[in-house]
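Shown below: query-v1.cif, with mmCIF, C-alpha atoms.
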```
data_protein
#
loop_
_atom_site.label_atom_id
_atom_site.label_comp_id
_atom_site.auth_asym_id
_atom_site.auth_seq_id
_atom_site.Cartn_x
_atom_site.Cartn_y
_atom_site.Cartn_z
CA MET A 1 -13.22 72.97 27.35
CA LYS A 2 -15.57 74.07 24.59
CA SER A 3 -13.25 72.39 22.12
CA ASP A 4 -13.29 69.15 24.16
CA ALA A 5 -17.07 69.28 24.39
CA ARG A 6 -17.31 69.86 20.64
CA MET A 7 -15.00 66.90 19.97
CA THR A 8 -17.05 64.71 22.31
CA ALA A 9 -20.23 65.67 20.49
CA VAL A 10 -18.68 64.92 17.11
CA LYS A 11 -17.30 61.62 18.38
CA GLY A 12 -20.67 60.63 19.76
CA SER A 13 -22.47 61.48 16.55
CA ALA A 14 -19.93 59.52 14.53
CA GLU A 15 -20.67 56.28 16.38
CA PRO A 16 -22.58 53.90 14.10
CA PRO A 17 -26.15 53.02 15.09
CA ARG A 18 -26.84 49.66 16.57
CA ASN A 19 -26.60 47.04 13.85
CA SER A 20 -30.02 45.52 13.39
CA HIS A 21 -28.37 42.51 11.72
CA LYS A 22 -27.13 41.43 15.16
CA ILE A 23 -30.68 40.59 16.12
CA ASP A 24 -31.27 38.88 12.79
CA GLU A 25 -28.15 36.79 13.30
CA ASP A 26 -29.08 35.73 16.84
CA PRO A 27 -30.04 32.03 16.61
CA GLN A 28 -31.60 32.08 20.07
CA ALA A 29 -34.03 34.89 19.20
CA ALA A 30 -34.84 33.15 15.93
CA TRP A 31 -35.40 29.86 17.78
CA GLN A 32 -37.99 31.50 20.05
CA LEU A 33 -39.80 32.99 17.06
CA PHE A 34 -39.62 29.66 15.25
CA ASN A 35 -41.42 27.95 18.13
CA ALA A 36 -43.95 30.78 18.41
CA ASN A 37 -44.90 30.30 14.76
CA TRP A 38 -46.17 26.84 15.61
CA LEU A 39 -49.07 28.43 17.50
CA ILE A 40 -50.69 29.86 14.36
CA ILE A 41 -50.07 26.65 12.43
CA ALA A 42 -51.66 24.63 15.24
CA VAL A 43 -54.71 26.91 15.34
CA MET A 44 -55.28 26.68 11.58
CA GLY A 45 -54.73 22.91 11.67
CA SER A 46 -57.29 22.57 14.47
CA LEU A 47 -59.82 24.66 12.53
CA LEU A 48 -59.28 22.46 9.48
CA ALA A 49 -59.86 19.30 11.50
CA LEU A 50 -62.98 20.81 13.07
CA GLY A 51 -64.27 21.96 9.70
CA LEU A 52 -63.79 18.58 8.08
CA THR A 53 -65.79 16.88 10.84
CA SER A 54 -68.70 19.31 10.42
CA THR A 55 -68.90 19.28 6.60
CA ASN A 56 -68.94 16.68 3.86
CA LEU A 57 -65.54 17.80 2.61
CA ARG A 58 -62.80 15.20 2.40
CA LEU A 59 -59.07 15.51 1.87
CA GLU A 60 -57.49 13.82 -1.14
CA PRO A 61 -55.31 11.34 0.77
CA ILE A 62 -52.43 10.90 -1.69
CA ALA A 63 -51.81 14.58 -2.48
CA PHE A 64 -52.35 15.77 1.09
CA GLY A 65 -50.41 12.88 2.57
CA THR A 66 -47.46 13.42 0.23
CA THR A 67 -47.31 17.11 1.14
CA LEU A 68 -47.42 16.32 4.84
CA ALA A 69 -44.70 13.69 4.40
CA ILE A 70 -42.37 16.19 2.71
CA ALA A 71 -42.95 18.78 5.44
CA ALA A 72 -42.50 16.17 8.17
CA ALA A 73 -39.24 14.92 6.64
CA LEU A 74 -37.75 18.43 6.50
CA LEU A 75 -38.84 19.19 10.06
CA ALA A 76 -37.57 15.83 11.33
CA VAL A 77 -34.11 16.44 9.86
CA SER A 78 -33.93 19.96 11.27
CA TYR A 79 -35.06 18.96 14.78
CA HIS A 80 -32.82 15.89 14.79
CA HIS A 81 -29.86 18.08 13.89
CA ARG A 82 -30.63 20.48 16.74
CA LEU A 83 -31.23 17.77 19.31
CA THR A 84 -28.06 15.86 18.44
CA ARG A 85 -25.77 18.87 17.98
CA GLY A 86 -27.02 21.09 20.79
CA ASP A 87 -24.87 24.22 20.99
CA ARG A 88 -23.03 23.15 17.82
CA THR A 89 -26.22 23.33 15.75
CA ASP A 90 -25.70 24.83 12.31
CA PRO A 91 -28.35 27.60 12.19
CA LYS A 92 -28.35 27.69 8.40
CA LEU A 93 -29.22 24.02 8.18
CA PHE A 94 -31.80 24.08 10.96
CA PHE A 95 -33.66 27.25 9.99
CA SER A 96 -33.63 26.58 6.25
CA LEU A 97 -35.10 23.08 6.52
CA GLY A 98 -37.31 23.89 9.49
CA THR A 99 -38.84 27.03 8.02
CA ILE A 100 -39.39 25.52 4.58
CA GLY A 101 -41.09 22.63 6.37
CA GLN A 102 -43.34 25.11 8.17
CA VAL A 103 -44.12 26.91 4.90
CA ILE A 104 -45.12 23.66 3.17
CA LEU A 105 -47.22 22.58 6.15
CA THR A 106 -48.97 25.96 6.35
CA CYS A 107 -49.82 25.93 2.65
CA ALA A 108 -51.08 22.35 2.94
CA ILE A 109 -53.47 23.43 5.69
CA VAL A 110 -54.59 26.74 4.18
CA GLY A 111 -55.70 25.23 0.85
CA PRO A 112 -58.33 22.87 2.31
CA LEU A 113 -59.20 25.41 5.02
CA SER A 114 -60.30 27.86 2.31
CA TYR A 115 -62.82 25.27 1.12
CA VAL A 116 -64.07 24.83 4.68
CA ALA A 117 -64.54 28.60 4.94
CA GLY A 118 -66.50 28.60 1.68
CA ALA A 119 -68.65 25.70 2.87
CA ILE A 120 -70.00 27.81 5.75
CA GLY A 121 -72.46 29.15 3.20
CA TYR A 122 -72.42 32.92 3.42
CA PRO A 123 -73.88 34.43 0.21
CA LEU A 124 -71.52 35.54 -2.53
CA GLN A 125 -70.67 39.23 -2.48
CA ASP A 126 -69.96 39.72 -6.18
CA GLN A 127 -72.46 42.55 -6.63
CA ALA A 128 -71.34 44.31 -3.45
CA LEU A 129 -67.70 44.10 -4.51
CA LEU A 130 -68.60 45.31 -8.01
CA SER A 131 -70.35 48.30 -6.46
CA VAL A 132 -67.27 49.07 -4.40
CA ASP A 133 -65.06 48.87 -7.51
CA ARG A 134 -67.30 51.22 -9.44
CA ALA A 135 -67.54 53.62 -6.52
CA LEU A 136 -63.73 53.81 -6.66
CA GLY A 137 -63.88 54.53 -10.36
CA LEU A 138 -62.89 51.01 -11.42
CA ASP A 139 -64.85 48.90 -13.86
CA PRO A 140 -63.63 45.29 -14.19
CA GLU A 141 -65.77 44.50 -17.24
CA PRO A 142 -63.51 46.24 -19.82
CA ILE A 143 -60.51 44.53 -18.23
CA VAL A 144 -62.16 41.12 -18.50
CA ARG A 145 -63.16 41.76 -22.11
CA TYR A 146 -59.65 42.89 -23.01
CA VAL A 147 -58.08 39.77 -21.49
CA ASN A 148 -60.66 37.53 -23.15
CA ASP A 149 -59.92 39.17 -26.50
CA HIS A 150 -56.18 38.53 -26.04
CA PRO A 151 -55.71 34.85 -25.10
CA TRP A 152 -51.92 35.23 -25.06
CA LEU A 153 -52.28 37.74 -22.21
CA ALA A 154 -54.51 35.36 -20.28
CA ILE A 155 -51.86 32.64 -20.62
CA ILE A 156 -49.11 34.96 -19.39
CA LEU A 157 -51.16 36.12 -16.41
CA SER A 158 -52.10 32.55 -15.53
CA ARG A 159 -48.49 31.36 -15.63
CA ALA A 160 -47.31 34.41 -13.69
CA TYR A 161 -49.87 33.66 -10.98
CA GLY A 162 -48.57 30.10 -10.84
CA LEU A 163 -45.14 31.42 -9.90
CA ILE A 164 -46.46 32.67 -6.56
CA LYS A 165 -45.24 29.53 -4.81
CA TRP A 166 -41.57 30.05 -5.67
CA PRO A 167 -40.99 33.14 -3.49
CA LEU A 168 -42.37 31.17 -0.54
CA LEU A 169 -39.45 28.78 -0.95
CA GLY A 170 -36.89 31.25 -2.28
CA ILE A 171 -37.22 33.90 0.43
CA PRO A 172 -36.34 31.49 3.28
CA ILE A 173 -33.28 30.31 1.38
CA VAL A 174 -32.07 33.87 0.73
CA LEU A 175 -32.63 34.96 4.34
CA VAL A 176 -30.78 31.90 5.65
CA LEU A 177 -27.84 32.42 3.30
CA THR A 178 -27.56 36.02 4.51
CA ALA A 179 -27.82 34.85 8.16
CA ARG A 180 -31.00 36.80 8.84
CA TYR A 181 -32.53 34.12 11.00
CA ALA A 182 -34.90 36.29 13.05
CA ARG A 183 -36.05 38.10 9.91
CA LEU A 184 -36.80 34.69 8.42
CA GLN A 185 -39.09 33.83 11.31
CA LEU A 186 -40.82 37.21 11.05
CA PHE A 187 -41.43 36.45 7.38
CA MET A 188 -42.98 33.13 8.38
CA LEU A 189 -45.12 34.88 10.99
CA ALA A 190 -46.28 37.55 8.53
CA MET A 191 -47.16 34.93 5.93
CA SER A 192 -49.15 32.85 8.42
CA VAL A 193 -51.05 35.85 9.76
CA ALA A 194 -51.81 37.13 6.24
CA LEU A 195 -53.16 33.73 5.20
CA ALA A 196 -55.23 33.41 8.39
CA VAL A 197 -56.75 36.87 7.84
CA ALA A 198 -57.50 36.05 4.20
CA ILE A 199 -59.28 32.84 5.23
CA ALA A 200 -61.28 34.72 7.88
CA ILE A 201 -62.36 37.33 5.34
CA SER A 202 -63.32 34.65 2.82
CA VAL A 203 -65.89 33.32 5.30
CA PHE A 204 -67.93 36.52 4.95
CA VAL A 205 -66.87 37.38 1.40
CA PRO A 206 -66.83 33.90 -0.15
CA TYR A 207 -65.90 32.93 -3.66
CA PRO A 208 -67.38 30.05 -5.68
CA SER A 209 -65.99 26.67 -4.68
CA GLY A 210 -67.27 23.14 -5.00
CA GLU A 211 -67.68 20.55 -2.32
CA GLY A 212 -66.23 17.10 -2.34
CA ARG A 213 -62.72 15.76 -2.25
CA LEU A 214 -59.99 18.33 -1.91
CA ALA A 215 -56.83 18.13 -3.98
CA GLU A 216 -54.75 20.51 -1.84
#
```
How does the structure come out when it is put into structure tokens?
Amino acid sequence: MKSDARMTAVKGSAEPPRNSHKIDEDPQAAWQLFNANWLIIAVMGSLLALGLTSTNLRLEPIAFGTTLAIAAALLAVSYHHRLTRGDRTDPKLFFSLGTIGQVILTCAIVGPLSYVAGAIGYPLQDQALLSVDRALGLDPEPIVRYVNDHPWLAIILSRAYGLIKWPLLGIPIVLVLTARYARLQLFMLAMSVALAVAIAISVFVPYPSGEGRLAE
């Protein structure tokens, strides 16, 4: 009996843990998360509309309209596919186009919303932030001087920063190709929350920005 019990224990320990990919591959769970992500987008869009009505900021119609048109086209194709196919919906097609559409729409809203946050008028916190840096043992002035003295480094850093938009498009494609649909929606949720928090912080710790027509 001890031998049987020992074998049972070994057998039980040899069973593989629950595969987390099963949740990632569940289109229904991903669909629920996809719809939930619209809540944050709607809130940020409402704040942008409210901010534009209470400031003298204006959206650049061609750039903003083109961005919205691209996002709307991707979302229209994805929703049309789901509505017409029903249970035969291809999750790779729906979630790739739909999520990229949400990413583009979110970025289109966040850009102008950052200007609205800056227009609230809280004083700049450059000196306070500099004090925090120096209290941590960091001094940005030598770094700035070094970069200014090496223009080639400034160019590299500027171009590297410009690449930030590509992961926002590449990550959804990779997650879709690997059938991690729920993980894709969690990525979208994390990105939206991070951007919303950054905008909220920028209200109280603003950075220089001009008023007028917005290019984003």
(message) Give me, as JSON, numbers by chain, all polymer residues having an atom no more than 6 Å from Ala182 in chain A, counting all atoms listed in the file and skipping those fewer than 2 positions away in the same chain.
(response) {"A": [24, 30, 180, 184, 185]}
Keeping C-alpha atoms for every residue in the selection just given, could you write it to a file as a PDB file, keeping the file's coordinate frame?
```pdb
ATOM      1  CA  ASP A  24     -31.270  38.880  12.790  1.00  0.00           C
ATOM      2  CA  ALA A  30     -34.840  33.150  15.930  1.00  0.00           C
ATOM      3  CA  ARG A 180     -31.000  36.800   8.840  1.00  0.00           C
ATOM      4  CA  LEU A 184     -36.800  34.690   8.420  1.00  0.00           C
ATOM      5  CA  GLN A 185     -39.090  33.830  11.310  1.00  0.00           C
TER       6      GLN A 185
END
```
Written as an mmCIF file with C-alpha atoms, in the frame of the given file, which residues does the PyMOL selection byres ((chain A and resi 42) around 12) give for the file shown?
```
data_model
loop_
_atom_site.group_PDB
_atom_site.id
_atom_site.type_symbol
_atom_site.label_atom_id
_atom_site.label_comp_id
_atom_site.auth_asym_id
_atom_site.auth_seq_id
_atom_site.Cartn_x
_atom_site.Cartn_y
_atom_site.Cartn_z
ATOM 1 C CA ASN A 35 -41.420 27.950 18.130
ATOM 2 C CA ALA A 36 -43.950 30.780 18.410
ATOM 3 C CA ASN A 37 -44.900 30.300 14.760
ATOM 4 C CA TRP A 38 -46.170 26.840 15.610
ATOM 5 C CA LEU A 39 -49.070 28.430 17.500
ATOM 6 C CA ILE A 40 -50.690 29.860 14.360
ATOM 7 C CA ILE A 41 -50.070 26.650 12.430
ATOM 8 C CA VAL A 43 -54.710 26.910 15.340
ATOM 9 C CA MET A 44 -55.280 26.680 11.580
ATOM 10 C CA GLY A 45 -54.730 22.910 11.670
ATOM 11 C CA SER A 46 -57.290 22.570 14.470
ATOM 12 C CA LEU A 47 -59.820 24.660 12.530
ATOM 13 C CA LEU A 48 -59.280 22.460 9.480
ATOM 14 C CA ALA A 49 -59.860 19.300 11.500
ATOM 15 C CA GLN A 102 -43.340 25.110 8.170
ATOM 16 C CA LEU A 105 -47.220 22.580 6.150
ATOM 17 C CA THR A 106 -48.970 25.960 6.350
ATOM 18 C CA ILE A 109 -53.470 23.430 5.690
ATOM 19 C CA VAL A 110 -54.590 26.740 4.180
ATOM 20 C CA SER A 192 -49.150 32.850 8.420
ATOM 21 C CA ALA A 196 -55.230 33.410 8.390
#
```
Tell me which residues the PyMOL selection byres ((chain A and resi 202-205) around 7) grabs here, as an mmCIF file with C-alpha atoms, in the coordinates of the input.
```cif
data_model
loop_
_atom_site.group_PDB
_atom_site.id
_atom_site.type_symbol
_atom_site.label_atom_id
_atom_site.label_comp_id
_atom_site.auth_asym_id
_atom_site.auth_seq_id
_atom_site.Cartn_x
_atom_site.Cartn_y
_atom_site.Cartn_z
ATOM 1 C CA ALA A 117 -64.540 28.600 4.940
ATOM 2 C CA GLY A 118 -66.500 28.600 1.680
ATOM 3 C CA ILE A 120 -70.000 27.810 5.750
ATOM 4 C CA TYR A 122 -72.420 32.920 3.420
ATOM 5 C CA LEU A 124 -71.520 35.540 -2.530
ATOM 6 C CA GLN A 125 -70.670 39.230 -2.480
ATOM 7 C CA ALA A 198 -57.500 36.050 4.200
ATOM 8 C CA ILE A 199 -59.280 32.840 5.230
ATOM 9 C CA ALA A 200 -61.280 34.720 7.880
ATOM 10 C CA ILE A 201 -62.360 37.330 5.340
ATOM 11 C CA PRO A 206 -66.830 33.900 -0.150
ATOM 12 C CA TYR A 207 -65.900 32.930 -3.660
#
```
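Taking CA of Ile104 in chain A as the reference point, CA of Gly65 in chain A is found at 12.0 Å.
Coordinates place CA of Leu113 in chain A at a distance of 20.3 Å from CA of Tyr161 in chain A.
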File output, range 46-89 of chain A (C-alpha atoms) as a compact mmCIF listing (two decimals), in the first residue's frame:
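Wrote it out as decode_1.txt, contents follow:
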```txt
# COMPACT_ATOMS: atom_id res chain seq x y z
CA SER A 46 -14.66 62.32 -23.48
CA LEU A 47 -11.98 64.17 -21.52
CA LEU A 48 -10.42 65.34 -24.78
CA ALA A 49 -13.76 66.63 -26.06
CA LEU A 50 -14.41 68.38 -22.75
CA GLY A 51 -10.94 69.89 -22.72
CA LEU A 52 -11.22 71.23 -26.24
CA THR A 53 -14.48 72.99 -25.41
CA SER A 54 -12.95 74.68 -22.35
CA THR A 55 -9.65 75.82 -23.93
CA ASN A 56 -8.58 77.58 -27.11
CA LEU A 57 -6.89 74.44 -28.38
CA ARG A 58 -7.97 73.12 -31.77
CA LEU A 59 -7.29 69.83 -33.52
CA GLU A 60 -5.51 69.86 -36.87
CA PRO A 61 -8.37 68.47 -38.97
CA ILE A 62 -6.41 66.72 -41.74
CA ALA A 63 -3.88 64.89 -39.55
CA PHE A 64 -6.38 64.00 -36.83
CA GLY A 65 -9.08 63.09 -39.32
CA THR A 66 -6.74 60.85 -41.32
CA THR A 67 -5.68 59.01 -38.16
CA LEU A 68 -9.29 58.50 -37.11
CA ALA A 69 -10.17 57.28 -40.60
CA ILE A 70 -7.43 54.63 -40.52
CA ALA A 71 -8.51 53.43 -37.07
CA ALA A 72 -12.17 53.41 -38.10
CA ALA A 73 -11.42 51.42 -41.26
CA LEU A 74 -9.53 48.72 -39.33
CA LEU A 75 -12.25 48.49 -36.69
CA ALA A 76 -15.00 48.41 -39.32
CA VAL A 77 -13.37 45.48 -41.12
CA SER A 78 -12.84 43.56 -37.89
CA TYR A 79 -16.39 44.09 -36.60
CA HIS A 80 -17.91 43.35 -40.01
CA HIS A 81 -15.98 40.08 -40.11
CA ARG A 82 -17.27 39.09 -36.68
CA LEU A 83 -20.86 40.08 -37.36
CA THR A 84 -21.01 38.26 -40.70
CA ARG A 85 -19.07 35.15 -39.67
CA GLY A 86 -20.42 34.66 -36.15
CA ASP A 87 -19.00 31.46 -34.68
CA ARG A 88 -16.76 31.05 -37.74
CA THR A 89 -14.92 34.30 -37.00
```
